[in-house]
Amino acid sequence: MTDSPRIVVIGGGNAGLSVAGRLHRLRLGDITVIEPRTIHVFAPLQSHIAGGTARASEAARNQADVIPAGVRWLRDEVFTVDAEARRVHLVSGGHLDYDQLVVSAGMRMAWEQIPGLPEAMAAPSGISNYDYELAAKASPVLRNLRSGTVVFTQPPEPASCGAAAQKPMYLACDWWRAIGVRDDLRVVFVCPDPVPFGIPAVDDELRPTLDAYDIEVRYSRDVRRVDADSRTLVIGRGDAEETLAYDVLHAVPPQRAPEWIAGSGLAASDDPHGFVDVDPETLQHTRHPEVWAIGDAATVATRRSGGAIRPQAKVLVRNMRAALAGRAPSATYDGYSVVPFTVSRGTVVFAEFDRKGRLKPTVPFWRSLYRERRLSWIADRRVLPWVYWHLILRGRA
């Protein structure tokens, strides 16, 4: 024990390590990251893995190797948080007291919410880019397919970069077209929304791609149940239902916050998804000022994505630093988020926007940066992974 503030970070993913690295570099306290997993996965690469443009080994490293220097890693799992006592209770039976708490626990993939979906993913025909092992499984399945019906599903909001479900679909279609078998395959895309994404300029970029690949789109439809034995799924909205037969099912499950967040009283009482109830601009808890949240587990009032974490981390650390100095938090997060759509095996539609749905390009004067470009592919596939491993996780970007 020291006289420094005890800062506990729950979650050792992108958000947790980004914040931990920044806090340590500023010497703001003794920092402990709670994370049960021993393998750290760069989730955005899972779409490239599933689509056959990256190897699975590129996306994973030992958790011990990515913990920022000077930060303590506690390999355990959170059972509950007692915000009044400022104590984190662990699954192992121990506990950890804190002066400042950062919740960066991410979202839970709720496969079980769709009847039959777990069994479908366990079958040879079930794949997904939202799970590391299923993404690795997807690559040869899609690469070797020559005929039949492939169904791709997109989850309803809230989701962690939900539109990323489209990425392996476009990559696979480009591959099938290149080897001359696209006309022998039926591709169906089940979208929960009436448009491909929800930002008009981006939708105008994606619709021609969907048409060019001759993808059948079922807009405003949700997946209701799956039968792995008959390889069928039922989709619908309201009283209308449709049954689709498939040879391959690429599915993305509904998502929610880990249940212990609501169980700890950190979520709003009327939030059915259980996210940490923070001010979406300052990222400070609305009722417990020593609690903060970042990333997918927070009520950030914008589309969740890995790219949204970088500006959130900057705001959270600045505001915690102010709070530790007895000042009111003043930094604000404007809801910036980003979704890179890999619309071919060499181009990307780079969608950047704020919480009001306005385009917010990284280069402010480049208003058309969202349009399909080869340069965006290079940034998404080559530059960003290097920046992630060497700068972001160290709190330096």
# chains A, B, ... in the order shown; residues from 1 in each chain; ligands from 1
call {"tool": "residues_around", "arguments": {"residues": "range 51-59 of chain A", "least_positions_apart": "3", "cutoff": "7 Å", "atoms": "only C-alpha atoms", "output": "mmCIF file with C-alpha atoms, in the first residue's frame"}}
result
data_model
loop_
_atom_site.group_PDB
_atom_site.id
_atom_site.type_symbol
_atom_site.label_atom_id
_atom_site.label_comp_id
_atom_site.auth_asym_id
_atom_site.auth_seq_id
_atom_site.Cartn_x
_atom_site.Cartn_y
_atom_site.Cartn_z
ATOM 1 C CA VAL A 41 -7.540 -10.219 -29.126
ATOM 2 C CA PHE A 42 -7.636 -7.184 -31.415
ATOM 3 C CA LEU A 45 -9.086 -7.963 -37.222
ATOM 4 C CA SER A 47 -13.564 -9.470 -39.730
ATOM 5 C CA HIS A 48 -10.427 -9.734 -41.852
ATOM 6 C CA ALA A 136 -10.860 -18.562 -37.723
ATOM 7 C CA SER A 139 -12.127 -18.281 -43.233
ATOM 8 C CA PRO A 168 -16.872 -10.558 -44.113
ATOM 9 C CA LEU A 171 -14.934 -9.781 -48.533
ATOM 10 C CA ALA A 172 -16.417 -13.191 -49.295
#
call {"tool": "select_by_dssp", "arguments": {"residues": "range 68-292 of chain A", "states": "helix (DSSP H, G or I)", "output": "VMD selection string"}}
result
chain A and resid 111 to 113 117 to 122 132 to 144 162 to 178 182 to 184 200 to 212 259 to 263
call {"tool": "residues_around", "arguments": {"residues": "range 386-393 of chain A", "least_positions_apart": "6", "cutoff": "8 Å", "atoms": "only C-alpha atoms", "output": "list of chain:residue names"}}
result
A:Asn14, A:Leu17, A:Ser18, A:Gly21, A:Val66, A:Ile67, A:Pro68, A:Arg310
call {"tool": "write_last_selection", "arguments": {"atoms": "N, CA and C atoms", "output": "mmCIF file, in the first residue's frame"}}
result
data_model
loop_
_atom_site.group_PDB
_atom_site.id
_atom_site.type_symbol
_atom_site.label_atom_id
_atom_site.label_comp_id
_atom_site.auth_asym_id
_atom_site.auth_seq_id
_atom_site.Cartn_x
_atom_site.Cartn_y
_atom_site.Cartn_z
ATOM 1 N N ASN A 14 -9.263 -3.321 -25.071
ATOM 2 C CA ASN A 14 -8.854 -2.057 -25.674
ATOM 3 C C ASN A 14 -9.077 -0.886 -24.716
ATOM 4 N N LEU A 17 -7.001 -1.114 -21.086
ATOM 5 C CA LEU A 17 -5.555 -0.899 -21.177
ATOM 6 C C LEU A 17 -5.224 0.486 -21.701
ATOM 7 N N SER A 18 -6.066 1.039 -22.578
ATOM 8 C CA SER A 18 -5.851 2.407 -23.050
ATOM 9 C C SER A 18 -5.877 3.384 -21.885
ATOM 10 N N GLY A 21 -2.884 2.672 -19.317
ATOM 11 C CA GLY A 21 -1.619 3.203 -19.809
ATOM 12 C C GLY A 21 -1.534 4.705 -19.651
ATOM 13 N N VAL A 66 0.800 -7.422 -23.158
ATOM 14 C CA VAL A 66 0.214 -6.147 -23.560
ATOM 15 C C VAL A 66 -0.185 -5.275 -22.369
ATOM 16 N N ILE A 67 -0.003 -5.767 -21.150
ATOM 17 C CA ILE A 67 -0.261 -4.942 -19.972
ATOM 18 C C ILE A 67 0.768 -3.817 -19.934
ATOM 19 N N PRO A 68 0.361 -2.546 -19.824
ATOM 20 C CA PRO A 68 1.324 -1.443 -19.793
ATOM 21 C C PRO A 68 2.305 -1.592 -18.632
ATOM 22 N N ARG A 310 -10.628 5.611 -28.246
ATOM 23 C CA ARG A 310 -9.490 6.534 -28.146
ATOM 24 C C ARG A 310 -9.902 7.921 -27.654
#
call {"tool": "closest_residue", "arguments": {"among": "A:Val276, A:Leu185, A:Val343, A:Ala85", "to": "Val248 in chain A", "atoms": "only C-alpha atoms"}}
result
A:Leu185
call {"tool": "select_by_dssp", "arguments": {"residues": "range 82-129 of chain A", "states": "strand (DSSP E or B)", "output": "count of residues only"}}
result
16
call {"tool": "residues_around", "arguments": {"residues": "Phe341 in chain A", "least_positions_apart": "2", "cutoff": "9 Å", "atoms": "only C-alpha atoms", "output": "ChimeraX atom specification"}}
result
/A:163-164,166-167,170,206,339,343-344,347-351,372
call {"tool": "closest_residue", "arguments": {"among": "A:Val252, A:Ile114, A:Ala325, A:Ala245", "to": "Pro155 in chain A", "atoms": "only C-alpha atoms"}}
result
A:Val252
call {"tool": "atom_distance", "arguments": {"atom1": "CA of Ala322 in chain A", "atom2": "CA of Glu35 in chain A"}}
result
26.6 Å
call {"tool": "closest_residue", "arguments": {"among": "A:Ala50, A:Val317, A:Ile309, A:Val195", "to": "Arg207 in chain A", "atoms": "only C-alpha atoms"}}
result
A:Val195
call {"tool": "closest_atom_pairs", "arguments": {"of": "range 272-344 of chain A", "to": "range 95-103 of chain A", "cutoff": "6 Å", "atoms": "only C-alpha atoms", "output": "JSON lines"}}
result
{"residue": "A:Glu290", "atom": "CA", "partner": "A:Gln100", "partner_atom": "CA", "distance": 5.0}
{"residue": "A:Val291", "atom": "CA", "partner": "A:Leu101", "partner_atom": "CA", "distance": 4.8}
{"residue": "A:Trp292", "atom": "CA", "partner": "A:Val102", "partner_atom": "CA", "distance": 4.7}
{"residue": "A:Ala293", "atom": "CA", "partner": "A:Val103", "partner_atom": "CA", "distance": 4.5}
call {"tool": "closest_residue", "arguments": {"among": "A:Arg87, A:Arg231, A:Arg371, A:Arg304", "to": "Ala159 in chain A", "atoms": "only C-alpha atoms"}}
result
A:Arg304
call {"tool": "residues_around", "arguments": {"residues": "Gly236 in chain A", "least_positions_apart": "6", "cutoff": "7 Å", "atoms": "only C-alpha atoms", "output": "list in words"}}
result
Arg221, Asp222, Val223, Arg224 and Glu242 of chain A
call {"tool": "write_last_selection", "arguments": {"atoms": "N, CA and C atoms", "output": "PDB file, in the first residue's frame"}}
result
ATOM      1  N   ARG A 221     -35.685  -6.733 -40.353  1.00  0.00           N
ATOM      2  CA  ARG A 221     -35.963  -8.106 -39.928  1.00  0.00           C
ATOM      3  C   ARG A 221     -34.994  -8.501 -38.812  1.00  0.00           C
ATOM      4  N   ASP A 222     -35.506  -9.232 -37.844  1.00  0.00           N
ATOM      5  CA  ASP A 222     -34.689  -9.776 -36.757  1.00  0.00           C
ATOM      6  C   ASP A 222     -34.666 -11.297 -36.863  1.00  0.00           C
ATOM      7  N   VAL A 223     -33.603 -11.897 -36.372  1.00  0.00           N
ATOM      8  CA  VAL A 223     -33.530 -13.356 -36.305  1.00  0.00           C
ATOM      9  C   VAL A 223     -34.297 -13.811 -35.059  1.00  0.00           C
ATOM     10  N   ARG A 224     -35.246 -14.725 -35.243  1.00  0.00           N
ATOM     11  CA  ARG A 224     -36.083 -15.156 -34.136  1.00  0.00           C
ATOM     12  C   ARG A 224     -35.684 -16.518 -33.589  1.00  0.00           C
ATOM     13  N   GLU A 242     -40.536 -15.196 -41.980  1.00  0.00           N
ATOM     14  CA  GLU A 242     -40.024 -15.861 -43.178  1.00  0.00           C
ATOM     15  C   GLU A 242     -38.983 -16.886 -42.745  1.00  0.00           C
TER      16      GLU A 242
END
call {"tool": "closest_residue", "arguments": {"among": "A:Leu384, A:Leu117, A:Val81, A:Ala138", "to": "Ala267 in chain A", "atoms": "only C-alpha atoms"}}
result
A:Val81
call {"tool": "residues_around", "arguments": {"residues": "range 356-361 of chain A", "least_positions_apart": "4", "cutoff": "8 Å", "atoms": "only C-alpha atoms", "output": "PyMOL selection string"}}
result
chain A and resi 199+302+335-336+351-352+365-367+369-370
call {"tool": "decode", "arguments": {"residues": "range 3-151 of chain A", "atoms": "C-alpha atoms", "output": "PDB file, in the first residue's frame"}}
result
ATOM      1  CA  ASP A   3      -0.355   7.006  -0.330  1.00  0.00           C
ATOM      2  CA  SER A   4      -1.247   7.161  -4.017  1.00  0.00           C
ATOM      3  CA  PRO A   5      -4.901   6.844  -5.049  1.00  0.00           C
ATOM      4  CA  ARG A   6      -5.954   3.252  -5.646  1.00  0.00           C
ATOM      5  CA  ILE A   7      -7.311   3.073  -9.191  1.00  0.00           C
ATOM      6  CA  VAL A   8      -8.985  -0.149 -10.274  1.00  0.00           C
ATOM      7  CA  VAL A   9      -9.770  -0.807 -13.940  1.00  0.00           C
ATOM      8  CA  ILE A  10     -12.273  -3.590 -14.670  1.00  0.00           C
ATOM      9  CA  GLY A  11     -11.465  -5.107 -18.047  1.00  0.00           C
ATOM     10  CA  GLY A  12      -8.170  -5.588 -19.847  1.00  0.00           C
ATOM     11  CA  GLY A  13      -9.318  -5.049 -23.413  1.00  0.00           C
ATOM     12  CA  ASN A  14      -8.854  -2.057 -25.674  1.00  0.00           C
ATOM     13  CA  ALA A  15     -10.648   0.379 -23.353  1.00  0.00           C
ATOM     14  CA  GLY A  16      -9.177  -0.821 -20.062  1.00  0.00           C
ATOM     15  CA  LEU A  17      -5.555  -0.899 -21.177  1.00  0.00           C
ATOM     16  CA  SER A  18      -5.851   2.407 -23.050  1.00  0.00           C
ATOM     17  CA  VAL A  19      -6.996   4.100 -19.858  1.00  0.00           C
ATOM     18  CA  ALA A  20      -4.548   2.225 -17.610  1.00  0.00           C
ATOM     19  CA  GLY A  21      -1.619   3.203 -19.809  1.00  0.00           C
ATOM     20  CA  ARG A  22      -2.593   6.865 -19.818  1.00  0.00           C
ATOM     21  CA  LEU A  23      -3.203   6.936 -16.059  1.00  0.00           C
ATOM     22  CA  HIS A  24       0.189   5.367 -15.365  1.00  0.00           C
ATOM     23  CA  ARG A  25       2.038   7.734 -17.670  1.00  0.00           C
ATOM     24  CA  LEU A  26       0.530  10.645 -15.729  1.00  0.00           C
ATOM     25  CA  ARG A  27       1.433   8.965 -12.400  1.00  0.00           C
ATOM     26  CA  LEU A  28      -2.088   9.446 -11.099  1.00  0.00           C
ATOM     27  CA  GLY A  29      -2.093   6.458  -8.748  1.00  0.00           C
ATOM     28  CA  ASP A  30      -1.502   2.758  -8.172  1.00  0.00           C
ATOM     29  CA  ILE A  31      -3.315   1.040 -11.020  1.00  0.00           C
ATOM     30  CA  THR A  32      -4.708  -2.498 -11.074  1.00  0.00           C
ATOM     31  CA  VAL A  33      -6.401  -4.048 -14.096  1.00  0.00           C
ATOM     32  CA  ILE A  34      -8.786  -6.944 -13.435  1.00  0.00           C
ATOM     33  CA  GLU A  35      -8.938  -9.284 -16.432  1.00  0.00           C
ATOM     34  CA  PRO A  36      -9.537 -13.062 -16.403  1.00  0.00           C
ATOM     35  CA  ARG A  37      -8.449 -13.825 -19.989  1.00  0.00           C
ATOM     36  CA  THR A  38      -4.873 -14.785 -20.787  1.00  0.00           C
ATOM     37  CA  ILE A  39      -5.129 -14.018 -24.516  1.00  0.00           C
ATOM     38  CA  HIS A  40      -5.748 -10.495 -25.774  1.00  0.00           C
ATOM     39  CA  VAL A  41      -7.540 -10.219 -29.126  1.00  0.00           C
ATOM     40  CA  PHE A  42      -7.636  -7.184 -31.415  1.00  0.00           C
ATOM     41  CA  ALA A  43     -11.311  -7.572 -32.314  1.00  0.00           C
ATOM     42  CA  PRO A  44     -11.390  -5.465 -35.514  1.00  0.00           C
ATOM     43  CA  LEU A  45      -9.086  -7.963 -37.222  1.00  0.00           C
ATOM     44  CA  GLN A  46     -11.627 -10.759 -36.713  1.00  0.00           C
ATOM     45  CA  SER A  47     -13.564  -9.470 -39.730  1.00  0.00           C
ATOM     46  CA  HIS A  48     -10.427  -9.734 -41.852  1.00  0.00           C
ATOM     47  CA  ILE A  49      -9.777 -13.209 -40.462  1.00  0.00           C
ATOM     48  CA  ALA A  50     -13.307 -14.356 -41.307  1.00  0.00           C
ATOM     49  CA  GLY A  51     -13.059 -12.773 -44.752  1.00  0.00           C
ATOM     50  CA  GLY A  52      -9.697 -14.354 -45.511  1.00  0.00           C
ATOM     51  CA  THR A  53      -7.538 -11.217 -45.562  1.00  0.00           C
ATOM     52  CA  ALA A  54      -5.694 -11.797 -42.269  1.00  0.00           C
ATOM     53  CA  ARG A  55      -4.278 -14.724 -40.330  1.00  0.00           C
ATOM     54  CA  ALA A  56      -5.754 -15.547 -36.929  1.00  0.00           C
ATOM     55  CA  SER A  57      -2.328 -15.268 -35.304  1.00  0.00           C
ATOM     56  CA  GLU A  58      -2.167 -11.562 -36.216  1.00  0.00           C
ATOM     57  CA  ALA A  59      -5.074 -10.713 -33.916  1.00  0.00           C
ATOM     58  CA  ALA A  60      -3.966 -12.421 -30.678  1.00  0.00           C
ATOM     59  CA  ARG A  61      -1.191 -11.890 -28.139  1.00  0.00           C
ATOM     60  CA  ASN A  62      -0.572 -13.018 -24.573  1.00  0.00           C
ATOM     61  CA  GLN A  63      -2.353 -10.743 -22.129  1.00  0.00           C
ATOM     62  CA  ALA A  64       0.799 -10.508 -20.034  1.00  0.00           C
ATOM     63  CA  ASP A  65       2.658  -9.017 -23.002  1.00  0.00           C
ATOM     64  CA  VAL A  66       0.214  -6.147 -23.560  1.00  0.00           C
ATOM     65  CA  ILE A  67      -0.261  -4.942 -19.972  1.00  0.00           C
ATOM     66  CA  PRO A  68       1.324  -1.443 -19.793  1.00  0.00           C
ATOM     67  CA  ALA A  69       4.569  -1.315 -17.836  1.00  0.00           C
ATOM     68  CA  GLY A  70       3.978  -0.298 -14.225  1.00  0.00           C
ATOM     69  CA  VAL A  71       0.363  -1.511 -14.195  1.00  0.00           C
ATOM     70  CA  ARG A  72      -0.626  -4.478 -12.047  1.00  0.00           C
ATOM     71  CA  TRP A  73      -2.628  -7.258 -13.701  1.00  0.00           C
ATOM     72  CA  LEU A  74      -4.971  -9.218 -11.452  1.00  0.00           C
ATOM     73  CA  ARG A  75      -6.137 -12.337 -13.264  1.00  0.00           C
ATOM     74  CA  ASP A  76      -9.617 -12.653 -11.813  1.00  0.00           C
ATOM     75  CA  GLU A  77     -13.228 -11.885 -12.612  1.00  0.00           C
ATOM     76  CA  VAL A  78     -15.625  -9.415 -11.026  1.00  0.00           C
ATOM     77  CA  PHE A  79     -18.559 -10.790  -9.048  1.00  0.00           C
ATOM     78  CA  THR A  80     -20.058  -7.491  -7.915  1.00  0.00           C
ATOM     79  CA  VAL A  81     -19.167  -3.902  -7.004  1.00  0.00           C
ATOM     80  CA  ASP A  82     -20.138  -2.247  -3.715  1.00  0.00           C
ATOM     81  CA  ALA A  83     -20.057   1.394  -4.758  1.00  0.00           C
ATOM     82  CA  GLU A  84     -20.897   2.675  -1.286  1.00  0.00           C
ATOM     83  CA  ALA A  85     -17.943   0.833   0.280  1.00  0.00           C
ATOM     84  CA  ARG A  86     -15.771   1.397  -2.830  1.00  0.00           C
ATOM     85  CA  ARG A  87     -14.988  -2.288  -3.040  1.00  0.00           C
ATOM     86  CA  VAL A  88     -14.841  -4.777  -5.912  1.00  0.00           C
ATOM     87  CA  HIS A  89     -15.759  -8.356  -4.985  1.00  0.00           C
ATOM     88  CA  LEU A  90     -14.104 -11.061  -7.082  1.00  0.00           C
ATOM     89  CA  VAL A  91     -15.250 -14.466  -8.284  1.00  0.00           C
ATOM     90  CA  SER A  92     -12.247 -15.975  -6.502  1.00  0.00           C
ATOM     91  CA  GLY A  93     -13.694 -14.837  -3.176  1.00  0.00           C
ATOM     92  CA  GLY A  94     -11.321 -11.932  -2.616  1.00  0.00           C
ATOM     93  CA  HIS A  95     -11.960  -8.235  -2.894  1.00  0.00           C
ATOM     94  CA  LEU A  96     -10.198  -5.072  -3.970  1.00  0.00           C
ATOM     95  CA  ASP A  97     -10.771  -1.594  -2.499  1.00  0.00           C
ATOM     96  CA  TYR A  98     -10.493   1.477  -4.678  1.00  0.00           C
ATOM     97  CA  ASP A  99     -10.493   5.253  -4.612  1.00  0.00           C
ATOM     98  CA  GLN A 100     -11.343   5.521  -8.318  1.00  0.00           C
ATOM     99  CA  LEU A 101     -12.978   2.821 -10.416  1.00  0.00           C
ATOM    100  CA  VAL A 102     -13.037   2.516 -14.203  1.00  0.00           C
ATOM    101  CA  VAL A 103     -15.514   0.036 -15.687  1.00  0.00           C
ATOM    102  CA  SER A 104     -14.382  -1.109 -19.130  1.00  0.00           C
ATOM    103  CA  ALA A 105     -15.970  -4.541 -19.111  1.00  0.00           C
ATOM    104  CA  GLY A 106     -17.205  -4.524 -22.705  1.00  0.00           C
ATOM    105  CA  MET A 107     -20.340  -6.331 -23.827  1.00  0.00           C
ATOM    106  CA  ARG A 108     -21.451  -9.918 -23.482  1.00  0.00           C
ATOM    107  CA  MET A 109     -22.336 -11.885 -26.598  1.00  0.00           C
ATOM    108  CA  ALA A 110     -25.821 -13.173 -25.703  1.00  0.00           C
ATOM    109  CA  TRP A 111     -25.979 -16.145 -28.081  1.00  0.00           C
ATOM    110  CA  GLU A 112     -28.585 -17.822 -25.904  1.00  0.00           C
ATOM    111  CA  GLN A 113     -31.151 -15.071 -26.543  1.00  0.00           C
ATOM    112  CA  ILE A 114     -31.898 -16.568 -29.969  1.00  0.00           C
ATOM    113  CA  PRO A 115     -33.224 -20.139 -29.622  1.00  0.00           C
ATOM    114  CA  GLY A 116     -31.010 -22.596 -31.470  1.00  0.00           C
ATOM    115  CA  LEU A 117     -28.228 -20.125 -32.263  1.00  0.00           C
ATOM    116  CA  PRO A 118     -25.586 -21.668 -29.946  1.00  0.00           C
ATOM    117  CA  GLU A 119     -26.220 -25.085 -31.511  1.00  0.00           C
ATOM    118  CA  ALA A 120     -26.035 -23.591 -35.007  1.00  0.00           C
ATOM    119  CA  MET A 121     -22.643 -22.018 -34.259  1.00  0.00           C
ATOM    120  CA  ALA A 122     -21.343 -25.350 -32.961  1.00  0.00           C
ATOM    121  CA  ALA A 123     -22.251 -27.031 -36.266  1.00  0.00           C
ATOM    122  CA  PRO A 124     -19.834 -27.038 -39.227  1.00  0.00           C
ATOM    123  CA  SER A 125     -22.058 -24.558 -41.076  1.00  0.00           C
ATOM    124  CA  GLY A 126     -22.068 -21.931 -38.295  1.00  0.00           C
ATOM    125  CA  ILE A 127     -19.539 -19.074 -38.351  1.00  0.00           C
ATOM    126  CA  SER A 128     -19.150 -15.530 -37.027  1.00  0.00           C
ATOM    127  CA  ASN A 129     -16.680 -12.651 -36.990  1.00  0.00           C
ATOM    128  CA  TYR A 130     -17.730 -11.830 -33.422  1.00  0.00           C
ATOM    129  CA  ASP A 131     -15.807 -14.675 -31.841  1.00  0.00           C
ATOM    130  CA  TYR A 132     -12.107 -15.379 -32.332  1.00  0.00           C
ATOM    131  CA  GLU A 133     -12.472 -19.119 -32.854  1.00  0.00           C
ATOM    132  CA  LEU A 134     -15.560 -18.769 -35.047  1.00  0.00           C
ATOM    133  CA  ALA A 135     -13.763 -16.153 -37.167  1.00  0.00           C
ATOM    134  CA  ALA A 136     -10.860 -18.562 -37.723  1.00  0.00           C
ATOM    135  CA  LYS A 137     -13.415 -21.243 -38.600  1.00  0.00           C
ATOM    136  CA  ALA A 138     -15.142 -18.869 -41.037  1.00  0.00           C
ATOM    137  CA  SER A 139     -12.127 -18.281 -43.233  1.00  0.00           C
ATOM    138  CA  PRO A 140     -11.845 -21.763 -44.821  1.00  0.00           C
ATOM    139  CA  VAL A 141     -15.623 -22.235 -44.830  1.00  0.00           C
ATOM    140  CA  LEU A 142     -16.191 -19.112 -46.936  1.00  0.00           C
ATOM    141  CA  ARG A 143     -13.040 -19.549 -49.005  1.00  0.00           C
ATOM    142  CA  ASN A 144     -13.888 -23.118 -50.064  1.00  0.00           C
ATOM    143  CA  LEU A 145     -17.607 -22.620 -50.713  1.00  0.00           C
ATOM    144  CA  ARG A 146     -18.590 -22.983 -54.357  1.00  0.00           C
ATOM    145  CA  SER A 147     -22.411 -23.198 -54.305  1.00  0.00           C
ATOM    146  CA  GLY A 148     -25.415 -22.981 -52.009  1.00  0.00           C
ATOM    147  CA  THR A 149     -27.010 -20.312 -49.807  1.00  0.00           C
ATOM    148  CA  VAL A 150     -25.115 -18.148 -47.321  1.00  0.00           C
ATOM    149  CA  VAL A 151     -27.011 -16.025 -44.801  1.00  0.00           C
TER     150      VAL A 151
END
